[in-house]
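Heads up, work.tsv below (TSV, C-alpha atoms and all ligand atoms):
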chain	number	residue	atom	x	y	z
A	136	MET	CA	13.27	82.63	213.44
A	137	ALA	CA	10.98	85.65	213.78
A	138	ALA	CA	11.44	86.45	210.10
A	139	GLY	CA	10.59	82.83	209.27
A	140	ILE	CA	7.37	83.03	211.23
A	141	LEU	CA	6.46	86.30	209.53
A	142	ARG	CA	7.12	84.72	206.14
A	143	LEU	CA	4.85	81.79	207.01
A	144	MET	CA	2.14	84.25	207.93
A	145	GLU	CA	2.25	85.91	204.53
A	146	LEU	CA	-1.23	85.48	203.12
A	147	ARG	CA	-3.04	86.25	199.90
A	148	ALA	CA	-6.70	85.96	198.98
A	149	GLY	CA	-8.12	85.28	195.52
A	150	THR	CA	-11.64	85.23	194.14
A	151	GLY	CA	-13.08	83.31	191.22
A	152	TYR	CA	-16.37	83.26	189.35
A	153	ASP	CA	-17.75	81.14	186.54
A	154	ILE	CA	-21.03	80.42	184.81
A	155	HIS	CA	-21.94	77.70	182.30
A	156	ARG	CA	-25.13	77.08	180.35
A	157	LEU	CA	-27.16	73.97	181.01
A	158	ALA	CA	-27.70	71.91	177.87
A	159	PRO	CA	-29.17	68.54	176.93
A	160	GLY	CA	-26.81	65.67	176.18
A	161	ARG	CA	-24.17	66.84	178.65
A	162	ARG	CA	-23.12	65.46	182.04
A	163	LEU	CA	-23.65	67.68	185.08
A	164	VAL	CA	-20.29	67.72	186.88
A	165	LEU	CA	-19.51	70.04	189.78
A	166	ALA	CA	-16.16	69.78	191.59
A	167	GLY	CA	-15.66	66.50	189.73
A	168	VAL	CA	-18.86	65.02	191.21
A	169	GLU	CA	-21.35	63.76	188.64
A	170	ILE	CA	-24.90	64.75	189.58
A	171	PRO	CA	-27.90	63.01	187.96
A	172	HIS	CA	-29.91	65.58	185.98
A	173	PRO	CA	-31.47	65.71	182.49
A	174	LEU	CA	-29.25	68.69	181.60
A	175	GLY	CA	-25.49	69.14	181.96
A	176	LEU	CA	-23.03	72.02	181.74
A	177	ALA	CA	-21.99	73.05	178.24
A	178	GLY	CA	-18.38	73.95	177.59
A	179	HIS	CA	-15.18	73.07	175.79
A	180	SER	CA	-14.04	71.17	178.89
A	181	ASP	CA	-16.42	69.16	181.07
A	182	GLY	CA	-18.07	72.50	181.95
A	183	ASP	CA	-17.37	72.16	185.69
A	184	ALA	CA	-18.18	75.74	186.73
A	185	LEU	CA	-17.30	75.14	190.39
A	186	ALA	CA	-13.85	73.74	189.57
A	187	HIS	CA	-13.28	76.66	187.18
A	188	ALA	CA	-14.21	79.25	189.83
A	189	VAL	CA	-11.76	77.61	192.26
A	190	ILE	CA	-9.00	77.54	189.62
A	191	ASP	CA	-9.49	81.27	188.96
A	192	ALA	CA	-9.45	81.98	192.71
A	193	LEU	CA	-6.12	80.13	192.99
A	194	PHE	CA	-4.61	81.91	190.00
A	195	GLY	CA	-5.97	85.21	191.30
A	196	ALA	CA	-4.44	84.71	194.73
A	197	GLY	CA	-1.09	83.91	193.15
A	198	ALA	CA	-1.42	86.75	190.61
A	199	LEU	CA	-0.80	84.09	187.94
A	200	ALA	CA	-3.24	85.35	185.28
A	201	ASP	CA	-6.47	83.42	184.77
A	202	ILE	CA	-7.90	80.11	183.63
A	203	GLY	CA	-8.47	81.35	180.06
A	204	GLN	CA	-4.82	82.27	179.66
A	205	ARG	CA	-3.44	79.18	181.39
A	206	PHE	CA	-5.81	76.65	179.81
A	207	PRO	CA	-7.08	78.33	176.58
A	208	PRO	CA	-10.54	77.12	175.49
A	209	ASP	CA	-9.41	77.02	171.83
A	210	ASP	CA	-6.60	74.58	172.71
A	211	ALA	CA	-7.58	71.06	171.62
A	212	ARG	CA	-5.79	69.65	174.69
A	213	TYR	CA	-8.62	70.98	176.86
A	214	LYS	CA	-11.53	69.59	174.84
A	215	ASP	CA	-13.71	67.64	177.28
A	216	ALA	CA	-10.92	68.15	179.84
A	217	ASP	CA	-11.35	66.86	183.38
A	218	SER	CA	-11.51	70.19	185.21
A	219	MET	CA	-10.35	68.61	188.46
A	220	ALA	CA	-7.11	67.63	186.68
A	221	LEU	CA	-6.82	71.31	185.65
A	222	LEU	CA	-7.38	72.29	189.29
A	223	ARG	CA	-4.58	69.97	190.41
A	224	GLU	CA	-2.34	71.54	187.75
A	225	ALA	CA	-3.33	75.04	188.95
A	226	ARG	CA	-2.41	74.06	192.49
A	227	ARG	CA	0.96	72.76	191.22
A	228	LEU	CA	1.64	76.07	189.43
A	229	VAL	CA	0.70	78.08	192.51
A	230	GLY	CA	2.93	75.80	194.58
A	231	GLU	CA	5.82	76.43	192.17
A	232	ALA	CA	5.31	80.13	192.77
A	233	GLY	CA	5.77	79.52	196.49
A	234	TRP	CA	2.21	79.30	197.79
A	235	ALA	CA	-0.02	76.67	199.39
A	236	PRO	CA	-3.81	76.74	199.78
A	237	HIS	CA	-5.05	77.42	203.30
A	238	ASN	CA	-8.84	77.40	203.04
A	239	LEU	CA	-11.53	77.64	200.40
A	240	ASP	CA	-15.10	78.89	200.50
A	241	THR	CA	-17.46	78.53	197.55
A	242	THR	CA	-21.06	79.22	196.59
A	243	VAL	CA	-22.88	77.46	193.76
A	244	VAL	CA	-25.97	79.24	192.44
A	245	CYS	CA	-28.31	76.68	190.91
A	246	GLU	CA	-32.07	76.54	190.64
A	247	ARG	CA	-32.17	72.77	190.12
A	248	PRO	CA	-31.26	70.08	190.82
A	249	ARG	CA	-30.95	70.35	194.59
A	250	LEU	CA	-27.24	70.20	195.41
A	251	ALA	CA	-27.36	69.63	199.18
A	252	PRO	CA	-27.09	65.81	198.89
A	253	TYR	CA	-23.81	66.22	196.96
A	254	ARG	CA	-22.25	68.98	199.04
A	255	ASP	CA	-19.95	66.77	201.10
A	256	SER	CA	-18.80	64.82	198.04
A	257	MET	CA	-17.92	68.14	196.37
A	258	ARG	CA	-16.06	69.29	199.50
A	259	GLN	CA	-14.09	66.04	199.63
A	260	SER	CA	-13.23	66.27	195.96
A	261	LEU	CA	-11.99	69.88	196.26
A	262	ALA	CA	-10.12	69.12	199.50
A	263	GLY	CA	-8.34	66.22	197.77
A	264	ALA	CA	-7.32	68.31	194.76
A	265	LEU	CA	-6.05	71.15	196.95
A	266	GLY	CA	-4.39	68.97	199.60
A	267	LEU	CA	-6.54	70.51	202.33
A	268	PRO	CA	-8.33	68.99	205.32
A	269	LEU	CA	-12.08	68.73	204.80
A	270	GLY	CA	-12.70	71.29	207.55
A	271	ASN	CA	-10.91	73.93	205.46
A	272	VAL	CA	-13.20	73.52	202.45
A	273	SER	CA	-16.74	74.89	202.21
A	274	VAL	CA	-19.33	74.41	199.49
A	275	LYS	CA	-22.56	76.37	199.85
A	276	ALA	CA	-25.51	76.04	197.50
A	277	LYS	CA	-28.35	78.45	196.87
A	278	THR	CA	-30.97	79.24	194.27
A	279	ASN	CA	-31.32	82.56	192.47
A	280	GLU	CA	-34.94	82.92	193.57
A	281	GLY	CA	-36.16	82.45	190.01
A	282	LEU	CA	-34.32	85.56	188.80
A	283	ASP	CA	-32.32	85.86	185.56
A	284	ALA	CA	-30.88	83.00	183.48
A	285	VAL	CA	-29.65	81.10	186.53
A	286	GLY	CA	-33.06	81.45	188.15
A	287	ARG	CA	-34.77	80.18	184.99
A	288	GLY	CA	-32.64	77.04	185.22
A	289	GLU	CA	-30.65	77.89	182.07
A	290	ALA	CA	-27.24	78.05	183.74
A	291	ILE	CA	-25.28	77.31	186.90
A	292	ALA	CA	-22.89	79.89	188.41
A	293	ALA	CA	-20.17	79.46	191.00
A	294	HIS	CA	-18.19	81.82	193.22
A	295	ALA	CA	-15.01	80.98	195.13
A	296	ILE	CA	-12.61	82.66	197.51
A	297	ILE	CA	-9.36	81.06	198.55
A	298	LEU	CA	-6.65	81.99	201.02
A	299	ILE	CA	-3.10	80.92	200.24
A	300	VAL	CA	-0.03	81.06	202.48
A	301	ALA	CA	3.65	81.36	201.61
A	302	SER	CA	5.07	77.84	201.46
A	303	ARG	CA	8.75	78.77	201.40
A	401	MG	MG	-15.73	77.77	182.83
What does this structure look like when you write it as structure tokens?
Amino acid sequence: MAAGILRLMELRAGTGYDIHRLAPGRRLVLAGVEIPHPLGLAGHSDGDALAHAVIDALFGAGALADIGQRFPPDDARYKDADSMALLREARRLVGEAGWAPHNLDTTVVCERPRLAPYRDSMRQSLAGALGLPLGNVSVKAKTNEGLDAVGRGEAIAAHAIILIVASR
């Protein structure tokens, strides 16, 4: 019994980071939520930098390599891929390795558009993909104060940290 409780308390943390360029003729999708904007995120997949940061945090926590190794960008299967489907697959792989997400915190760095109106939709989307209650999922948004490529509105970056617990 005591050993079982200790096993359940086994925790790991993982961090993830991603950045994608903004480009014309692309949709702007963050955590699977489409946000109206003249520019979207460039990439082989749908360019969802927030989903990608969360996927890398999950793989990092599970010590299961990274998104580039698991879902190679030169693999035609991932062209225009729905990154939230990749996130659900990442969660499945982490689950197979004996872990379950506990809570997620993220930060999106974006000069424009303003993301606050979409924050709760992004939280709900991530919570659904990870099988977490909404209260365990955080999405924070900030600007880069006009500094560097993100600050010039040329790219959007995302950071994530996730805690996972032993599930068996
Ligand atoms: Mg990416």
**Study point:** Among the residues A:Ala177, A:Ala211, A:Val168, A:Ala192, the one that comes closest to ligand MG 401 (chain A) [using all atoms listed in the file]
**Key:**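 Nearest candidate to ligand MG 401 (chain A) out of A:Ala177, A:Ala211, A:Val168, A:Ala192: A:Ala177.
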Point to revise | Residue nearest A:Leu298 - candidates A:Pro171, A:Pro236, A:Gly230, A:Gly151, atoms counted: only C-alpha atoms | key: A:Pro236
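Each of A:Ala196, A:Met257, A:Ala292, A:Leu239 was checked against ligand MG 401 (chain A) using all atoms listed in the file; the smallest atom-to-atom distance is that of A:Ala292.
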Close residues to ligand MG 401 (chain A) using only C-alpha atoms and all ligand atoms, limit 12 Å, as a compact mmCIF listing (two decimals) with C-alpha atoms, keeping the file's coordinate frame:
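Result file selection_4.txt:
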# COMPACT_ATOMS: atom_id res chain seq x y z
CA GLY A 151 -13.08 83.31 191.22
CA TYR A 152 -16.37 83.26 189.35
CA ASP A 153 -17.75 81.14 186.54
CA ILE A 154 -21.03 80.42 184.81
CA HIS A 155 -21.94 77.70 182.30
CA ARG A 156 -25.13 77.08 180.35
CA VAL A 164 -20.29 67.72 186.88
CA LEU A 165 -19.51 70.04 189.78
CA ALA A 166 -16.16 69.78 191.59
CA LEU A 176 -23.03 72.02 181.74
CA ALA A 177 -21.99 73.05 178.24
CA GLY A 178 -18.38 73.95 177.59
CA HIS A 179 -15.18 73.07 175.79
CA SER A 180 -14.04 71.17 178.89
CA ASP A 181 -16.42 69.16 181.07
CA GLY A 182 -18.07 72.50 181.95
CA ASP A 183 -17.37 72.16 185.69
CA ALA A 184 -18.18 75.74 186.73
CA LEU A 185 -17.30 75.14 190.39
CA ALA A 186 -13.85 73.74 189.57
CA HIS A 187 -13.28 76.66 187.18
CA ALA A 188 -14.21 79.25 189.83
CA VAL A 189 -11.76 77.61 192.26
CA ILE A 190 -9.00 77.54 189.62
CA ASP A 191 -9.49 81.27 188.96
CA ASP A 201 -6.47 83.42 184.77
CA ILE A 202 -7.90 80.11 183.63
CA GLY A 203 -8.47 81.35 180.06
CA PHE A 206 -5.81 76.65 179.81
CA PRO A 207 -7.08 78.33 176.58
CA PRO A 208 -10.54 77.12 175.49
CA TYR A 213 -8.62 70.98 176.86
CA ASP A 215 -13.71 67.64 177.28
CA ALA A 216 -10.92 68.15 179.84
CA ASP A 217 -11.35 66.86 183.38
CA SER A 218 -11.51 70.19 185.21
CA LEU A 221 -6.82 71.31 185.65
CA LEU A 222 -7.38 72.29 189.29
CA ALA A 290 -27.24 78.05 183.74
CA ILE A 291 -25.28 77.31 186.90
CA ALA A 292 -22.89 79.89 188.41
CA ALA A 293 -20.17 79.46 191.00
CA HIS A 294 -18.19 81.82 193.22
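Proximity of A:Ala235, A:Cys245, A:Ala295, A:Ala198 to A:Leu163, computed with all atoms listed in the file, is greatest for A:Cys245.
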Exercise for review: One decimal, Å: what's the distance from atom CA of A:Ala200 over to atom CA of A:Lys275, could you say?
Suggested key: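 Computed distance, atom CA of A:Ala200 to atom CA of A:Lys275, equals 25.8 Å.
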**Study point:** Which of A:Asp255, A:Leu193, A:Glu246, A:His172 sits closest to A:Asp283 [using all atoms listed in the file]
**Key:**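 Answer, going by the shortest atom-to-atom distance: A:Glu246.
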Just add all heavy atoms to stretch 250-261 of chain A and send it as a CSV table (one decimal), in the frame of the given file.
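Listed below is the output, result.csv:
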chain,number,residue,atom,x,y,z
A,250,LEU,N,-28.6,70.6,195.3
A,250,LEU,CA,-27.2,70.2,195.4
A,250,LEU,C,-26.9,69.7,196.8
A,250,LEU,O,-25.8,69.1,197.0
A,250,LEU,CB,-26.3,71.3,195.0
A,250,LEU,CG,-26.4,71.8,193.6
A,250,LEU,CD1,-25.5,72.9,193.3
A,250,LEU,CD2,-26.2,70.7,192.6
A,251,ALA,N,-27.7,70.0,197.8
A,251,ALA,CA,-27.4,69.6,199.2
A,251,ALA,C,-26.9,68.2,199.3
A,251,ALA,O,-25.9,67.9,200.0
A,251,ALA,CB,-28.5,69.9,200.1
A,252,PRO,N,-27.5,67.2,198.7
A,252,PRO,CA,-27.1,65.8,198.9
A,252,PRO,C,-25.7,65.6,198.4
A,252,PRO,O,-25.1,64.5,198.7
A,252,PRO,CB,-28.1,65.0,198.1
A,252,PRO,CG,-29.3,65.9,197.9
A,252,PRO,CD,-28.7,67.3,197.8
A,253,TYR,N,-25.1,66.4,197.6
A,253,TYR,CA,-23.8,66.2,197.0
A,253,TYR,C,-22.7,67.1,197.6
A,253,TYR,O,-21.6,67.1,197.2
A,253,TYR,CB,-23.9,66.5,195.4
A,253,TYR,CG,-24.9,65.6,194.8
A,253,TYR,CD1,-26.2,66.1,194.6
A,253,TYR,CD2,-24.7,64.3,194.5
A,253,TYR,CE1,-27.2,65.4,194.0
A,253,TYR,CE2,-25.7,63.5,194.0
A,253,TYR,CZ,-27.0,64.0,193.7
A,253,TYR,OH,-28.0,63.2,193.2
A,254,ARG,N,-23.2,68.0,198.5
A,254,ARG,CA,-22.2,69.0,199.0
A,254,ARG,C,-21.0,68.4,199.6
A,254,ARG,O,-19.9,68.8,199.4
A,254,ARG,CB,-23.0,69.8,200.1
A,254,ARG,CG,-22.1,70.9,200.7
A,254,ARG,CD,-22.9,72.0,201.3
A,254,ARG,NE,-24.1,71.5,202.0
A,254,ARG,CZ,-25.2,72.2,202.2
A,254,ARG,NH1,-25.2,73.5,201.8
A,254,ARG,NH2,-26.2,71.7,202.8
A,255,ASP,N,-21.1,67.3,200.5
A,255,ASP,CA,-20.0,66.8,201.1
A,255,ASP,C,-19.0,66.1,200.1
A,255,ASP,O,-17.8,66.1,200.2
A,255,ASP,CB,-20.3,65.9,202.3
A,255,ASP,CG,-20.7,66.7,203.5
A,255,ASP,OD1,-20.4,67.9,203.6
A,255,ASP,OD2,-21.4,66.1,204.4
A,256,SER,N,-19.6,65.4,199.1
A,256,SER,CA,-18.8,64.8,198.0
A,256,SER,C,-18.0,65.9,197.3
A,256,SER,O,-16.8,65.7,197.0
A,256,SER,CB,-19.7,64.1,197.0
A,256,SER,OG,-20.4,63.1,197.7
A,257,MET,N,-18.6,67.0,197.0
A,257,MET,CA,-17.9,68.1,196.4
A,257,MET,C,-16.8,68.7,197.3
A,257,MET,O,-15.7,68.9,196.8
A,257,MET,CB,-18.9,69.2,196.0
A,257,MET,CG,-19.9,68.8,194.9
A,257,MET,SD,-20.9,70.2,194.2
A,257,MET,CE,-22.2,70.2,195.4
A,258,ARG,N,-17.1,68.8,198.6
A,258,ARG,CA,-16.1,69.3,199.5
A,258,ARG,C,-14.9,68.3,199.5
A,258,ARG,O,-13.7,68.7,199.5
A,258,ARG,CB,-16.6,69.4,200.9
A,258,ARG,CG,-17.6,70.5,201.1
A,258,ARG,CD,-18.2,70.5,202.5
A,258,ARG,NE,-17.2,70.7,203.5
A,258,ARG,CZ,-17.2,70.2,204.7
A,258,ARG,NH1,-18.2,69.4,205.1
A,258,ARG,NH2,-16.3,70.4,205.6
A,259,GLN,N,-15.2,67.0,199.6
A,259,GLN,CA,-14.1,66.0,199.6
A,259,GLN,C,-13.3,66.1,198.4
A,259,GLN,O,-12.0,66.0,198.4
A,259,GLN,CB,-14.7,64.6,199.8
A,259,GLN,CG,-15.0,64.3,201.2
A,259,GLN,CD,-15.9,63.1,201.4
A,259,GLN,OE1,-16.2,62.4,200.4
A,259,GLN,NE2,-16.3,62.8,202.6
A,260,SER,N,-13.9,66.2,197.2
A,260,SER,CA,-13.2,66.3,196.0
A,260,SER,C,-12.3,67.5,195.9
A,260,SER,O,-11.1,67.4,195.5
A,260,SER,CB,-14.3,66.3,194.8
A,260,SER,OG,-13.7,66.4,193.6
A,261,LEU,N,-12.8,68.6,196.3
A,261,LEU,CA,-12.0,69.9,196.3
A,261,LEU,C,-10.9,69.8,197.3
A,261,LEU,O,-9.7,70.2,197.0
A,261,LEU,CB,-12.9,71.1,196.5
A,261,LEU,CG,-13.9,71.4,195.4
A,261,LEU,CD1,-14.9,72.5,195.9
A,261,LEU,CD2,-13.2,72.0,194.2
